[in-house]
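Chemist: I'm passing along my_file.txt; it holds compact mmCIF, C-alpha atoms.
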```txt
# COMPACT_ATOMS: atom_id res chain seq x y z
CA MET A 1083 -21.72 0.63 -26.00
CA THR A 1084 -23.96 1.83 -23.17
CA ASP A 1085 -21.47 4.16 -21.46
CA GLN A 1086 -22.74 3.30 -17.98
CA HIS A 1087 -21.00 4.51 -14.84
CA LYS A 1088 -22.30 2.95 -11.65
CA THR A 1089 -21.20 3.24 -8.01
CA VAL A 1090 -21.64 0.52 -5.36
CA ASN A 1091 -20.84 1.17 -1.70
CA ILE A 1092 -19.69 -1.73 0.49
CA ASN A 1093 -20.00 -1.58 4.30
CA ILE A 1094 -18.00 -3.97 6.45
CA ARG A 1095 -18.39 -4.57 10.16
CA LYS A 1096 -15.49 -3.86 12.47
CA ASP A 1097 -16.18 -5.91 15.59
CA LEU A 1098 -12.54 -6.11 16.57
CA PHE A 1099 -11.96 -2.40 17.04
CA GLY A 1100 -13.29 -2.22 20.60
CA ALA A 1101 -10.93 -4.92 21.87
CA ASN A 1102 -8.02 -3.23 20.13
CA GLU A 1103 -8.80 0.14 21.72
CA ASP A 1104 -8.72 -1.51 25.16
CA ALA A 1105 -5.32 -3.07 24.44
CA ALA A 1106 -4.03 0.23 23.06
CA ALA A 1107 -5.04 2.01 26.29
CA LEU A 1108 -3.06 -0.57 28.30
CA ASN A 1109 -0.02 -0.02 26.05
CA ALA A 1110 -0.33 3.75 26.43
CA ALA A 1111 -0.45 3.42 30.23
CA LEU A 1112 2.64 1.17 30.17
CA PHE A 1113 4.58 3.62 27.99
CA LYS A 1114 3.54 6.54 30.22
CA LYS A 1115 4.65 4.69 33.37
CA HIS A 1116 8.14 4.35 31.85
CA GLY A 1117 8.21 7.94 30.56
CA ILE A 1118 8.53 6.76 26.95
CA THR A 1119 7.43 8.81 23.93
CA VAL A 1120 6.06 6.53 21.22
CA PHE A 1121 5.56 7.25 17.51
CA ASP A 1122 3.43 5.04 15.23
CA ILE A 1123 4.82 5.63 11.73
CA MET A 1124 2.66 4.49 8.84
CA GLY A 1125 2.75 4.81 5.07
CA SER A 1126 2.91 2.76 1.87
CA VAL A 1127 5.88 0.66 0.79
CA GLY A 1128 8.60 2.84 -0.68
CA THR A 1129 7.64 6.12 0.98
CA GLY A 1130 10.88 6.04 2.99
CA LYS A 1131 9.57 5.26 6.49
CA THR A 1132 12.69 3.25 7.33
CA GLN A 1133 15.10 5.87 5.98
CA LEU A 1134 13.24 8.52 7.97
CA ILE A 1135 13.58 6.48 11.18
CA GLU A 1136 17.28 5.90 10.42
CA THR A 1137 17.78 9.65 10.00
CA LEU A 1138 15.91 10.41 13.23
CA CYS A 1139 17.93 7.75 15.10
CA GLU A 1140 21.21 9.28 13.88
CA ARG A 1141 20.09 12.68 15.25
CA LEU A 1142 18.67 11.42 18.55
CA ARG A 1143 20.64 8.35 19.61
CA ASP A 1144 23.37 10.19 21.54
CA GLN A 1145 20.86 11.95 23.83
CA HIS A 1146 18.15 9.27 23.93
CA LYS A 1147 17.67 5.55 24.42
CA ILE A 1148 15.72 4.39 21.39
CA LEU A 1149 13.81 1.19 20.62
CA MET A 1150 12.51 0.54 17.11
CA ILE A 1151 9.63 -1.91 16.55
CA ALA A 1152 9.34 -3.01 12.90
CA GLY A 1153 6.12 -4.40 11.42
CA ASP A 1154 6.60 -6.36 8.21
CA LEU A 1155 4.85 -9.30 6.55
CA ALA A 1156 7.86 -11.51 6.10
CA THR A 1157 11.29 -9.85 6.27
CA ASN A 1158 13.67 -8.30 8.82
CA ILE A 1159 15.03 -5.81 6.27
CA ASP A 1160 13.84 -2.64 8.03
CA ALA A 1161 14.79 -3.73 11.55
CA ASN A 1162 18.26 -4.66 10.30
CA ARG A 1163 18.68 -1.27 8.63
CA VAL A 1164 17.71 0.64 11.78
CA GLY A 1165 19.64 -1.80 14.00
CA SER A 1166 22.81 -1.00 12.05
CA HIS A 1167 22.68 2.48 13.64
CA GLY A 1168 23.22 0.95 17.09
CA VAL A 1169 19.53 1.09 18.03
CA ASP A 1170 17.70 -1.86 19.66
CA THR A 1171 14.99 -3.40 17.50
CA VAL A 1172 12.04 -5.77 17.79
CA GLN A 1173 10.74 -7.32 14.56
CA ILE A 1174 7.07 -8.30 14.29
CA ASN A 1175 6.40 -10.49 11.23
CA THR A 1176 2.66 -10.37 10.60
CA GLY A 1177 2.48 -13.11 7.94
CA THR A 1178 -0.52 -11.97 5.93
CA ALA A 1179 -1.85 -9.27 8.30
CA CYS A 1180 -1.79 -5.80 6.72
CA HIS A 1181 -1.29 -3.86 9.95
CA LEU A 1182 0.06 -4.03 13.48
CA ASP A 1183 -2.45 -4.05 16.34
CA ALA A 1184 -2.13 -3.18 20.01
CA ARG A 1185 -1.92 -6.80 21.15
CA MET A 1186 0.93 -7.56 18.75
CA ILE A 1187 2.84 -4.66 20.36
CA ARG A 1188 2.09 -6.06 23.82
CA VAL A 1189 3.32 -9.56 22.85
CA ALA A 1190 6.41 -8.11 21.20
CA LEU A 1191 7.33 -6.11 24.33
CA ASP A 1192 6.59 -8.95 26.75
CA ASP A 1193 10.23 -9.61 27.66
CA VAL A 1194 11.64 -6.19 26.77
CA ASP A 1195 12.83 -4.06 29.73
CA LEU A 1196 11.15 -0.75 28.89
CA SER A 1197 13.12 1.11 31.56
CA ASN A 1198 16.00 0.97 29.03
CA TYR A 1199 14.26 3.36 26.62
CA ASP A 1200 12.77 6.83 26.33
CA ILE A 1201 11.75 6.85 22.64
CA VAL A 1202 10.01 4.07 20.69
CA PHE A 1203 9.61 4.30 16.92
CA ILE A 1204 7.05 1.81 15.59
CA GLU A 1205 7.28 1.28 11.85
CA ASN A 1206 3.89 -0.08 10.81
CA VAL A 1207 3.26 -2.52 7.94
CA GLY A 1208 3.67 -0.82 4.56
CA ASN A 1209 0.30 0.36 3.34
CA LEU A 1210 -1.85 3.41 3.92
CA ILE A 1211 -5.18 1.70 4.59
CA CYS A 1212 -5.20 -0.92 7.36
CA PRO A 1213 -2.82 0.58 9.99
CA ALA A 1214 -5.03 3.66 10.35
CA GLY A 1215 -7.85 1.64 11.97
CA TYR A 1216 -5.77 0.17 14.80
CA SER A 1217 -4.42 2.32 17.63
CA LEU A 1218 -1.24 0.93 19.16
CA GLY A 1219 -1.10 3.19 22.21
CA ALA A 1220 1.39 5.60 20.65
CA ASP A 1221 1.60 9.32 21.50
CA LYS A 1222 1.55 10.37 17.86
CA LYS A 1223 0.47 8.76 14.59
CA ILE A 1224 2.77 9.99 11.84
CA VAL A 1225 1.74 9.33 8.24
CA VAL A 1226 4.61 9.35 5.73
CA VAL A 1227 3.64 10.07 2.14
CA SER A 1228 6.03 10.51 -0.76
CA VAL A 1229 6.14 12.50 -3.97
CA THR A 1230 6.67 9.15 -5.73
CA GLU A 1231 3.10 8.03 -4.95
CA GLY A 1232 1.25 10.11 -7.51
CA PRO A 1233 -1.21 12.95 -6.91
CA TYR A 1234 -4.20 11.09 -5.43
CA MET A 1235 -2.94 9.43 -2.27
CA ILE A 1236 -4.46 12.00 0.11
CA GLN A 1237 -7.87 12.04 -1.62
CA LYS A 1238 -7.91 8.24 -1.61
CA HIS A 1239 -7.20 7.89 2.12
CA PRO A 1240 -9.27 10.53 3.94
CA LEU A 1241 -9.77 8.40 7.10
CA THR A 1242 -6.04 7.76 7.43
CA ILE A 1243 -5.35 11.49 7.19
CA LYS A 1244 -8.15 12.34 9.65
CA ARG A 1245 -6.67 9.99 12.24
CA ALA A 1246 -3.08 11.25 11.79
CA ASP A 1247 -1.34 13.66 14.19
CA MET A 1248 1.28 14.66 11.64
CA ILE A 1249 1.97 14.23 7.91
CA VAL A 1250 5.53 13.94 6.66
CA ILE A 1251 5.90 14.51 2.90
CA ASN A 1252 9.13 12.67 2.11
CA LYS A 1253 11.48 12.56 -0.91
CA ILE A 1254 10.82 16.19 -1.78
CA ASP A 1255 14.26 16.19 -3.45
CA LEU A 1256 12.52 14.17 -6.23
CA ALA A 1257 9.53 16.51 -6.63
CA GLU A 1258 10.96 18.48 -9.54
CA VAL A 1259 12.13 15.53 -11.62
CA LEU A 1260 8.78 13.76 -11.06
CA GLU A 1261 6.90 17.00 -11.85
CA PHE A 1262 5.05 16.56 -8.56
CA ASN A 1263 2.87 19.42 -7.29
CA ILE A 1264 3.53 19.58 -3.52
CA ASP A 1265 1.27 22.60 -3.04
CA ALA A 1266 -1.69 20.65 -4.47
CA LEU A 1267 -0.92 17.78 -2.07
CA VAL A 1268 -0.81 20.14 0.91
CA LYS A 1269 -4.12 21.64 -0.26
CA ASP A 1270 -5.64 18.12 -0.27
CA ILE A 1271 -4.39 17.62 3.31
CA ARG A 1272 -5.80 20.99 4.39
CA GLU A 1273 -9.21 20.04 2.98
CA VAL A 1274 -9.30 17.01 5.31
CA ASP A 1275 -7.80 18.79 8.34
CA ALA A 1276 -6.98 22.50 8.17
CA ASN A 1277 -4.72 22.40 11.25
CA LEU A 1278 -2.78 19.16 10.74
CA SER A 1279 0.99 19.46 11.20
CA VAL A 1280 2.69 18.97 7.80
CA HIS A 1281 6.46 18.61 7.28
CA LYS A 1282 8.21 18.57 3.92
CA VAL A 1283 11.45 16.60 4.22
CA SER A 1284 14.02 14.54 2.41
CA ALA A 1285 15.27 11.78 4.70
CA LYS A 1286 17.97 11.19 2.07
CA THR A 1287 19.41 14.73 1.93
CA GLY A 1288 18.42 15.78 5.47
CA PHE A 1289 16.27 18.68 4.26
CA GLY A 1290 13.61 19.60 6.81
CA ILE A 1291 14.83 17.07 9.39
CA PRO A 1292 15.93 19.58 12.10
CA GLU A 1293 12.48 21.21 11.99
CA LEU A 1294 10.81 17.79 12.15
CA VAL A 1295 12.93 16.75 15.16
CA ALA A 1296 11.99 19.99 16.95
CA SER A 1297 8.33 19.39 16.16
CA LEU A 1298 8.55 15.91 17.70
CA GLY A 1299 9.58 17.63 20.95
CA PHE A 1300 13.34 16.89 21.02
CA MET B 1356 22.38 -0.01 25.41
CA THR B 1357 21.66 -3.73 25.12
CA ASP B 1358 21.65 -3.99 21.31
CA GLN B 1359 18.88 -6.60 21.25
CA HIS B 1360 17.25 -7.72 18.03
CA LYS B 1361 14.21 -9.90 18.50
CA THR B 1362 11.72 -11.39 16.03
CA VAL B 1363 8.07 -12.21 16.84
CA ASN B 1364 5.87 -14.09 14.35
CA ILE B 1365 2.12 -13.43 14.34
CA ASN B 1366 -0.30 -15.99 12.87
CA ILE B 1367 -3.83 -14.92 12.01
CA ARG B 1368 -6.74 -17.15 11.06
CA LYS B 1369 -8.38 -16.74 7.71
CA ASP B 1370 -11.86 -18.23 8.12
CA LEU B 1371 -13.33 -16.16 5.31
CA PHE B 1372 -11.15 -17.50 2.52
CA GLY B 1373 -13.26 -20.62 1.82
CA ALA B 1374 -16.48 -18.66 1.26
CA ASN B 1375 -14.64 -16.25 -1.03
CA GLU B 1376 -13.23 -19.08 -3.14
CA ASP B 1377 -16.78 -20.43 -3.66
CA ALA B 1378 -18.00 -16.99 -4.78
CA ALA B 1379 -14.97 -16.58 -7.05
CA ALA B 1380 -15.77 -19.90 -8.76
CA LEU B 1381 -19.32 -18.67 -9.43
CA ASN B 1382 -17.95 -15.43 -10.90
CA ALA B 1383 -15.52 -17.37 -13.09
CA ALA B 1384 -18.35 -19.56 -14.42
CA LEU B 1385 -20.43 -16.46 -15.19
CA PHE B 1386 -17.58 -14.78 -17.05
CA LYS B 1387 -16.88 -18.00 -18.98
CA LYS B 1388 -20.55 -18.34 -19.98
CA HIS B 1389 -20.37 -14.86 -21.55
CA GLY B 1390 -16.97 -15.47 -23.15
CA ILE B 1391 -15.38 -12.64 -21.18
CA THR B 1392 -11.67 -12.45 -20.38
CA VAL B 1393 -11.15 -10.89 -16.94
CA PHE B 1394 -8.00 -9.34 -15.47
CA ASP B 1395 -7.58 -8.60 -11.75
CA ILE B 1396 -5.02 -5.80 -11.58
CA MET B 1397 -3.44 -5.15 -8.20
CA GLY B 1398 -0.63 -2.97 -6.88
CA SER B 1399 0.12 -0.17 -4.43
CA VAL B 1400 -1.17 3.39 -4.75
CA GLY B 1401 0.89 5.31 -7.30
CA THR B 1402 2.21 2.36 -9.30
CA GLY B 1403 0.17 3.47 -12.31
CA LYS B 1404 -2.55 0.79 -12.43
CA THR B 1405 -5.11 3.27 -13.74
CA GLN B 1406 -2.78 4.74 -16.36
CA LEU B 1407 -1.94 1.20 -17.50
CA ILE B 1408 -5.65 0.36 -17.87
CA GLU B 1409 -6.22 3.63 -19.75
CA THR B 1410 -3.38 2.75 -22.15
CA LEU B 1411 -4.73 -0.79 -22.66
CA CYS B 1412 -8.26 0.58 -23.27
CA GLU B 1413 -6.94 3.00 -25.92
CA ARG B 1414 -5.30 0.05 -27.71
CA LEU B 1415 -8.19 -2.40 -27.38
CA ARG B 1416 -11.44 -0.42 -27.35
CA ASP B 1417 -11.94 -0.39 -31.15
CA GLN B 1418 -11.84 -4.20 -31.43
CA HIS B 1419 -13.30 -5.10 -28.02
CA LYS B 1420 -16.16 -4.24 -25.69
CA ILE B 1421 -14.54 -3.36 -22.39
CA LEU B 1422 -15.92 -2.97 -18.86
CA MET B 1423 -13.70 -1.56 -16.11
CA ILE B 1424 -14.52 -2.27 -12.44
CA ALA B 1425 -12.71 0.11 -10.06
CA GLY B 1426 -12.09 -0.72 -6.40
CA ASP B 1427 -11.33 2.28 -4.21
CA LEU B 1428 -11.91 3.21 -0.57
CA ALA B 1429 -13.72 6.46 -1.15
CA THR B 1430 -13.31 8.09 -4.56
CA ASN B 1431 -14.41 7.66 -8.17
CA ILE B 1432 -11.16 9.13 -9.53
CA ASP B 1433 -9.93 6.00 -11.31
CA ALA B 1434 -13.30 5.01 -12.82
CA ASN B 1435 -13.74 8.56 -14.12
CA ARG B 1436 -10.28 8.51 -15.71
CA VAL B 1437 -10.93 5.21 -17.48
CA GLY B 1438 -14.52 6.21 -18.32
CA SER B 1439 -13.19 9.28 -20.15
CA HIS B 1440 -11.83 6.86 -22.78
CA GLY B 1441 -15.37 5.80 -23.71
CA VAL B 1442 -15.26 2.61 -21.65
CA ASP B 1443 -18.10 1.54 -19.33
CA THR B 1444 -17.20 1.51 -15.65
CA VAL B 1445 -18.52 0.21 -12.34
CA GLN B 1446 -17.14 1.82 -9.18
CA ILE B 1447 -16.97 -0.21 -5.95
CA ASN B 1448 -16.27 1.99 -2.91
CA THR B 1449 -15.06 -0.30 -0.15
CA GLY B 1450 -15.12 2.23 2.72
CA THR B 1451 -12.37 0.85 4.96
CA ALA B 1452 -11.87 -2.54 3.27
CA CYS B 1453 -8.37 -2.94 1.84
CA HIS B 1454 -9.32 -5.27 -1.02
CA LEU B 1455 -12.12 -6.36 -3.31
CA ASP B 1456 -13.63 -9.80 -2.78
CA ALA B 1457 -15.61 -12.08 -5.06
CA ARG B 1458 -18.98 -11.18 -3.53
CA MET B 1459 -18.39 -7.45 -4.04
CA ILE B 1460 -17.81 -8.20 -7.74
CA ARG B 1461 -21.03 -10.24 -7.83
CA VAL B 1462 -23.04 -7.41 -6.22
CA ALA B 1463 -21.46 -4.84 -8.51
CA LEU B 1464 -22.38 -6.84 -11.63
CA ASP B 1465 -25.90 -7.65 -10.47
CA ASP B 1466 -27.66 -5.37 -12.95
CA VAL B 1467 -24.93 -5.21 -15.60
CA ASP B 1468 -25.68 -6.98 -18.90
CA LEU B 1469 -22.47 -8.98 -19.35
CA SER B 1470 -23.36 -9.90 -22.92
CA ASN B 1471 -22.26 -6.34 -23.75
CA TYR B 1472 -18.59 -7.08 -22.98
CA ASP B 1473 -15.69 -9.33 -23.88
CA ILE B 1474 -12.96 -7.87 -21.65
CA VAL B 1475 -13.23 -6.82 -17.99
CA PHE B 1476 -10.41 -4.96 -16.26
CA ILE B 1477 -10.78 -4.99 -12.47
CA GLU B 1478 -8.60 -2.40 -10.74
CA ASN B 1479 -8.22 -3.64 -7.17
CA VAL B 1480 -7.84 -1.41 -4.08
CA GLY B 1481 -4.39 0.19 -3.96
CA ASN B 1482 -2.09 -1.92 -1.82
CA LEU B 1483 0.03 -4.98 -2.39
CA ILE B 1484 -1.02 -7.04 0.64
CA CYS B 1485 -4.75 -7.65 1.02
CA PRO B 1486 -5.95 -8.14 -2.59
CA ALA B 1487 -3.63 -11.13 -3.05
CA GLY B 1488 -5.65 -13.26 -0.60
CA TYR B 1489 -9.00 -12.90 -2.35
CA SER B 1490 -9.69 -14.46 -5.74
CA LEU B 1491 -12.31 -12.58 -7.75
CA GLY B 1492 -12.86 -15.19 -10.45
CA ALA B 1493 -10.55 -13.47 -12.95
CA ASP B 1494 -8.57 -15.29 -15.63
CA LYS B 1495 -5.31 -13.59 -14.70
CA LYS B 1496 -4.00 -11.78 -11.63
CA ILE B 1497 -1.67 -9.03 -12.80
CA VAL B 1498 0.55 -7.36 -10.19
CA VAL B 1499 1.75 -3.87 -11.12
CA VAL B 1500 4.92 -2.72 -9.38
CA SER B 1501 6.78 0.51 -10.06
CA VAL B 1502 10.37 1.69 -9.96
CA THR B 1503 9.14 4.44 -7.61
CA GLU B 1504 8.47 1.93 -4.81
CA GLY B 1505 12.04 1.29 -3.71
CA PRO B 1506 14.07 -1.90 -3.94
CA TYR B 1507 12.31 -4.14 -1.40
CA MET B 1508 8.73 -4.46 -2.61
CA ILE B 1509 9.17 -7.96 -4.08
CA GLN B 1510 11.02 -9.34 -1.04
CA LYS B 1511 8.35 -7.87 1.24
CA HIS B 1512 5.40 -9.44 -0.61
CA PRO B 1513 6.39 -13.01 -1.51
CA LEU B 1514 2.82 -14.39 -1.23
CA THR B 1515 1.44 -11.71 -3.56
CA ILE B 1516 4.10 -12.57 -6.14
CA LYS B 1517 3.51 -16.33 -5.75
CA ARG B 1518 -0.20 -15.89 -6.47
CA ALA B 1519 0.34 -13.61 -9.49
CA ASP B 1520 0.06 -14.76 -13.11
CA MET B 1521 2.02 -11.80 -14.44
CA ILE B 1522 4.17 -8.95 -13.10
CA VAL B 1523 4.18 -5.59 -14.86
CA ILE B 1524 7.10 -3.34 -13.87
CA ASN B 1525 5.76 0.12 -14.68
CA LYS B 1526 7.31 3.61 -14.95
CA ILE B 1527 10.60 2.23 -16.28
CA ASP B 1528 11.12 5.63 -17.94
CA LEU B 1529 11.93 6.85 -14.40
CA ALA B 1530 14.40 4.07 -13.54
CA GLU B 1531 17.53 6.02 -14.48
CA VAL B 1532 16.69 9.24 -12.66
CA LEU B 1533 15.66 7.25 -9.55
CA GLU B 1534 18.82 5.10 -9.84
CA PHE B 1535 16.58 2.03 -9.69
CA ASN B 1536 18.11 -1.38 -10.39
CA ILE B 1537 15.51 -3.21 -12.53
CA ASP B 1538 17.74 -6.29 -12.96
CA ALA B 1539 17.87 -6.74 -9.19
CA LEU B 1540 14.07 -6.48 -9.03
CA VAL B 1541 13.66 -9.11 -11.75
CA LYS B 1542 16.12 -11.33 -9.86
CA ASP B 1543 13.93 -10.99 -6.73
CA ILE B 1544 10.88 -12.03 -8.79
CA ARG B 1545 12.77 -15.00 -10.27
CA GLU B 1546 13.69 -16.18 -6.77
CA VAL B 1547 9.98 -16.42 -5.89
CA ASP B 1548 8.87 -17.86 -9.26
CA ALA B 1549 11.44 -18.66 -11.94
CA ASN B 1550 8.83 -18.85 -14.73
CA LEU B 1551 6.55 -15.91 -13.93
CA SER B 1552 5.76 -13.65 -16.90
CA VAL B 1553 7.45 -10.26 -16.35
CA HIS B 1554 6.85 -7.17 -18.51
CA LYS B 1555 8.82 -3.92 -18.28
CA VAL B 1556 6.64 -1.05 -19.47
CA SER B 1557 5.95 2.64 -19.26
CA ALA B 1558 2.22 3.26 -19.44
CA LYS B 1559 3.12 6.96 -19.86
CA THR B 1560 5.45 6.64 -22.87
CA GLY B 1561 3.93 3.43 -24.29
CA PHE B 1562 7.19 1.49 -24.03
CA GLY B 1563 6.56 -2.27 -23.82
CA ILE B 1564 2.78 -1.92 -24.24
CA PRO B 1565 2.48 -3.75 -27.62
CA GLU B 1566 4.34 -6.76 -26.17
CA LEU B 1567 2.13 -6.67 -23.07
CA VAL B 1568 -1.05 -6.55 -25.16
CA ALA B 1569 0.15 -9.56 -27.19
CA SER B 1570 0.95 -11.42 -23.99
CA LEU B 1571 -2.60 -10.79 -22.73
CA GLY B 1572 -3.83 -12.66 -25.82
CA PHE B 1573 -5.06 -9.76 -27.98
```
If you convert what's in this file into structure tokens, what do you get?
Modeler:
Amino acid sequence: MTDQHKTVNINIRKDLFGANEDAAALNAALFKKHGITVFDIMGSVGTGKTQLIETLCERLRDQHKILMIAGDLATNIDANRVGSHGVDTVQINTGTACHLDARMIRVALDDVDLSNYDIVFIENVGNLICPAGYSLGADKKIVVVSVTEGPYMIQKHPLTIKRADMIVINKIDLAEVLEFNIDALVKDIREVDANLSVHKVSAKTGFGIPELVASLGF
Amino acid sequence: MTDQHKTVNINIRKDLFGANEDAAALNAALFKKHGITVFDIMGSVGTGKTQLIETLCERLRDQHKILMIAGDLATNIDANRVGSHGVDTVQINTGTACHLDARMIRVALDDVDLSNYDIVFIENVGNLICPAGYSLGADKKIVVVSVTEGPYMIQKHPLTIKRADMIVINKIDLAEVLEFNIDALVKDIREVDANLSVHKVSAKTGFGIPELVASLGF
């Protein structure tokens, strides 16, 4: 056995990013015109993005008019869950596309009367890689990570963390039983961005949610 | 509040798939010429793909010559972990690309003497969406899911499941504490493909690993 360890770096071109940025700027202008605050919520499958949005909707729906836009390959599961809280929803099924883009948001909102809303939660397609490259025109990009994802998810996604405005560490009620080191995860985040807003929450138990809501400006 | 629920379907073109299939066929012929059995192992971040490969290497390395190819955006973490078991590794850093493709494998193997090996484990980039669309020329596509991912990951990725040759449900030692319904997950798999090979394992405890190794043909 030769015990070789070799590293190959692959570069791919990203011609589409310019067009997406233009569309994102148009979305942002549209949201601003209507006085709507928009959150682009991304994270892997199973990190609890939907449960987090449900919890936020329960807290905010009496004082605010909320629209939830759900990105998903094939199902309406997440939109139905959030819709059951009396919140309007738009489902975008992307087929095989691993992320939402700004034009999908524009198409999805084409016949929606935005004057009905003052908060939009966009739940992006469930993975931590592709959504980071495509601005949607949101005010804040929130990355949801979970103690169920193992110790390397920050180190493996430095660009996603760099582009985030806030990190939510979810399911911290499971940290002890999974022997998960939250301090080490926060240290990994701090190494990418020393000043990034980090919230430790459990969408299930409600821990940390009041502080998160305040930090979102409500 | 209007209580609207709307669904928009996005179709994207996939011009690149034909070229990838050609490259995958060349890879498959190359592997066959050298008598190498190749496994393309895909799954989200934190499902335990690397730990599974480490466990399989521990079982197989005395009787077989193993090469591990690791796909990762930015780090060498997984290749280093597997390499620590005395197995040769090739790291492919994809930058922002959310999957390996057949040409990356070809480039990565360009100066590797394949006559040194009889098993290749390819650990794909960590997500359950993009890798499914790109054949690498492997003999089997193995999808690793985990009880930590929540109940919807099969329903949300029907194409990935359809294209898989085997599903490994990992971390079943955590099913009870996470109140995870494995039977319901298996039922979801059966609804996509009634005959798909499904293995329940814990790469950590070793549960189910002997049966999995036998099923891989060793």
Chemist: Using all atoms listed in the file for the distances, tell me which of B:Gly1401, B:Gly1561, B:Pro1486, B:Pro1506 is nearest to chain A.
Modeler: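 Smallest separation from chain A among the options: B:Gly1401.
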Chemist: Take CA of Lys1147 in chain A and CA of Asp1200 in chain A and report the distance between them in Å, one decimal.
Modeler: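 Interatomic distance, CA of Lys1147 in chain A to CA of Asp1200 in chain A: 5.4 Å.
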Chemist: Hey, what's within 10 Å of Asn1198 in chain A if we count all atoms listed in the file and toss same-chain stuff fewer than 4 positions away? As a PDB file with C-alpha atoms, keeping the file's coordinate frame, please?
Modeler:
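Result went into around_38.pdb, see below:
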```
ATOM      1  CA  HIS A1116       8.140   4.350  31.850  1.00  0.00           C
ATOM      2  CA  ILE A1118       8.530   6.760  26.950  1.00  0.00           C
ATOM      3  CA  HIS A1146      18.150   9.270  23.930  1.00  0.00           C
ATOM      4  CA  LYS A1147      17.670   5.550  24.420  1.00  0.00           C
ATOM      5  CA  ILE A1148      15.720   4.390  21.390  1.00  0.00           C
ATOM      6  CA  LEU A1149      13.810   1.190  20.620  1.00  0.00           C
ATOM      7  CA  ASP A1170      17.700  -1.860  19.660  1.00  0.00           C
ATOM      8  CA  VAL A1194      11.640  -6.190  26.770  1.00  0.00           C
TER       9      VAL A1194
ATOM     10  CA  MET B1356      22.380  -0.010  25.410  1.00  0.00           C
ATOM     11  CA  THR B1357      21.660  -3.730  25.120  1.00  0.00           C
TER      12      THR B1357
END
```
Chemist: Between B:Asp1417, B:Glu1409, B:Glu1534, B:Asp1494, which has the minimum distance to Arg1436 in chain B (counting all atoms listed in the file)?
Modeler: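 Looking only at the distances to Arg1436 in chain B, the closest residue turns out to be B:Glu1409.
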Chemist: Name the residues in contact with Leu1464 in chain B at a cut-off of 9 Å, using only C-alpha atoms, excluding same-chain residues fewer than 5 positions from it; report them as a list of chain:residue names.
Modeler: B:Val1445, B:Met1459, B:Leu1469
Chemist: Just the number, please: distance in Å from CA of Val1499 in chain B to CA of Leu1483 in chain B, one decimal.
Modeler: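 We find that CA of Val1499 in chain B and CA of Leu1483 in chain B lie 9.0 Å from each other.
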Chemist: Rank nothing, just name the residue among A:Lys1223, A:Cys1212, A:Gln1133, A:His1281 nearest to His1454 in chain B, using only C-alpha atoms.
Modeler: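 Closest to His1454 in chain B of all the choices is A:Cys1212.
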Chemist: Give as a VMD selection string the set of residues within 9 Å of the point (2.9, -11.6, -21.3), where distances use the file's coordinates and only C-alpha atoms.
Modeler: chain B and resid 1521 to 1523 1552 to 1554 1566 to 1572
Chemist: Any chance you can output those residues with C-alpha atoms as a PDB file, in the coordinates of the input?
Modeler:
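For reference, again-v3.pdb as written:
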```
ATOM      1  CA  MET B1521       2.020 -11.800 -14.440  1.00  0.00           C
ATOM      2  CA  ILE B1522       4.170  -8.950 -13.100  1.00  0.00           C
ATOM      3  CA  VAL B1523       4.180  -5.590 -14.860  1.00  0.00           C
ATOM      4  CA  SER B1552       5.760 -13.650 -16.900  1.00  0.00           C
ATOM      5  CA  VAL B1553       7.450 -10.260 -16.350  1.00  0.00           C
ATOM      6  CA  HIS B1554       6.850  -7.170 -18.510  1.00  0.00           C
ATOM      7  CA  GLU B1566       4.340  -6.760 -26.170  1.00  0.00           C
ATOM      8  CA  LEU B1567       2.130  -6.670 -23.070  1.00  0.00           C
ATOM      9  CA  VAL B1568      -1.050  -6.550 -25.160  1.00  0.00           C
ATOM     10  CA  ALA B1569       0.150  -9.560 -27.190  1.00  0.00           C
ATOM     11  CA  SER B1570       0.950 -11.420 -23.990  1.00  0.00           C
ATOM     12  CA  LEU B1571      -2.600 -10.790 -22.730  1.00  0.00           C
ATOM     13  CA  GLY B1572      -3.830 -12.660 -25.820  1.00  0.00           C
TER      14      GLY B1572
END
```
Chemist: In terms of the shortest atom-to-atom distance over only C-alpha atoms, which of A:Asp1104, A:Glu1258, A:Asp1275, A:Glu1231 is closest to chain B?
Modeler: A:Glu1231
Chemist: Quick one: pull the distance between CA of Asp1192 in chain A and CA of Gly1125 in chain A, Å, one decimal.
Modeler: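 So the answer is 26.0 Å.
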Chemist: Neighbourhood query: residues within 9 Å of (12.1, -3.4, 11.4), file coordinates, counting all atoms listed in the file; return as a list in words.
Modeler: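 Using all atoms listed in the file, the matching residues come out as Thr1132, Met1150, Ile1151, Ala1152, Gly1153, Asp1154, Thr1157, Asn1158, Ile1159, Asp1160, Ala1161, Asn1162, Arg1163, Val1164, Gly1165, Thr1171, Val1172, Gln1173, Ile1174, Ile1204, Glu1205 and Asn1206 of chain A.
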Chemist: For Ser1490 in chain B, work out the shell of residues within 7 Å, counting all atoms listed in the file and skipping chain neighbours fewer than 2 positions away, then give it as a ChimeraX atom specification.
Modeler: /B:1376,1379,1456-1457,1488,1492
Chemist: Measuring atom to atom with only C-alpha atoms, identify which of A:Ala1105, A:Ile1243, A:Ala1214, A:Leu1112 is nearest to Asp1195 in chain A.
Modeler: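 Ranking A:Ala1105, A:Ile1243, A:Ala1214, A:Leu1112 by distance to Asp1195 in chain A, first place goes to A:Leu1112.
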Chemist: For Gln1237 in chain A, work out the shell of residues within 9 Å, counting only C-alpha atoms and skipping chain neighbours fewer than 6 positions away, then give it as a VMD selection string.
Modeler: (chain A and resid 1270 to 1271 1274) or (chain B and resid 1429 to 1430)
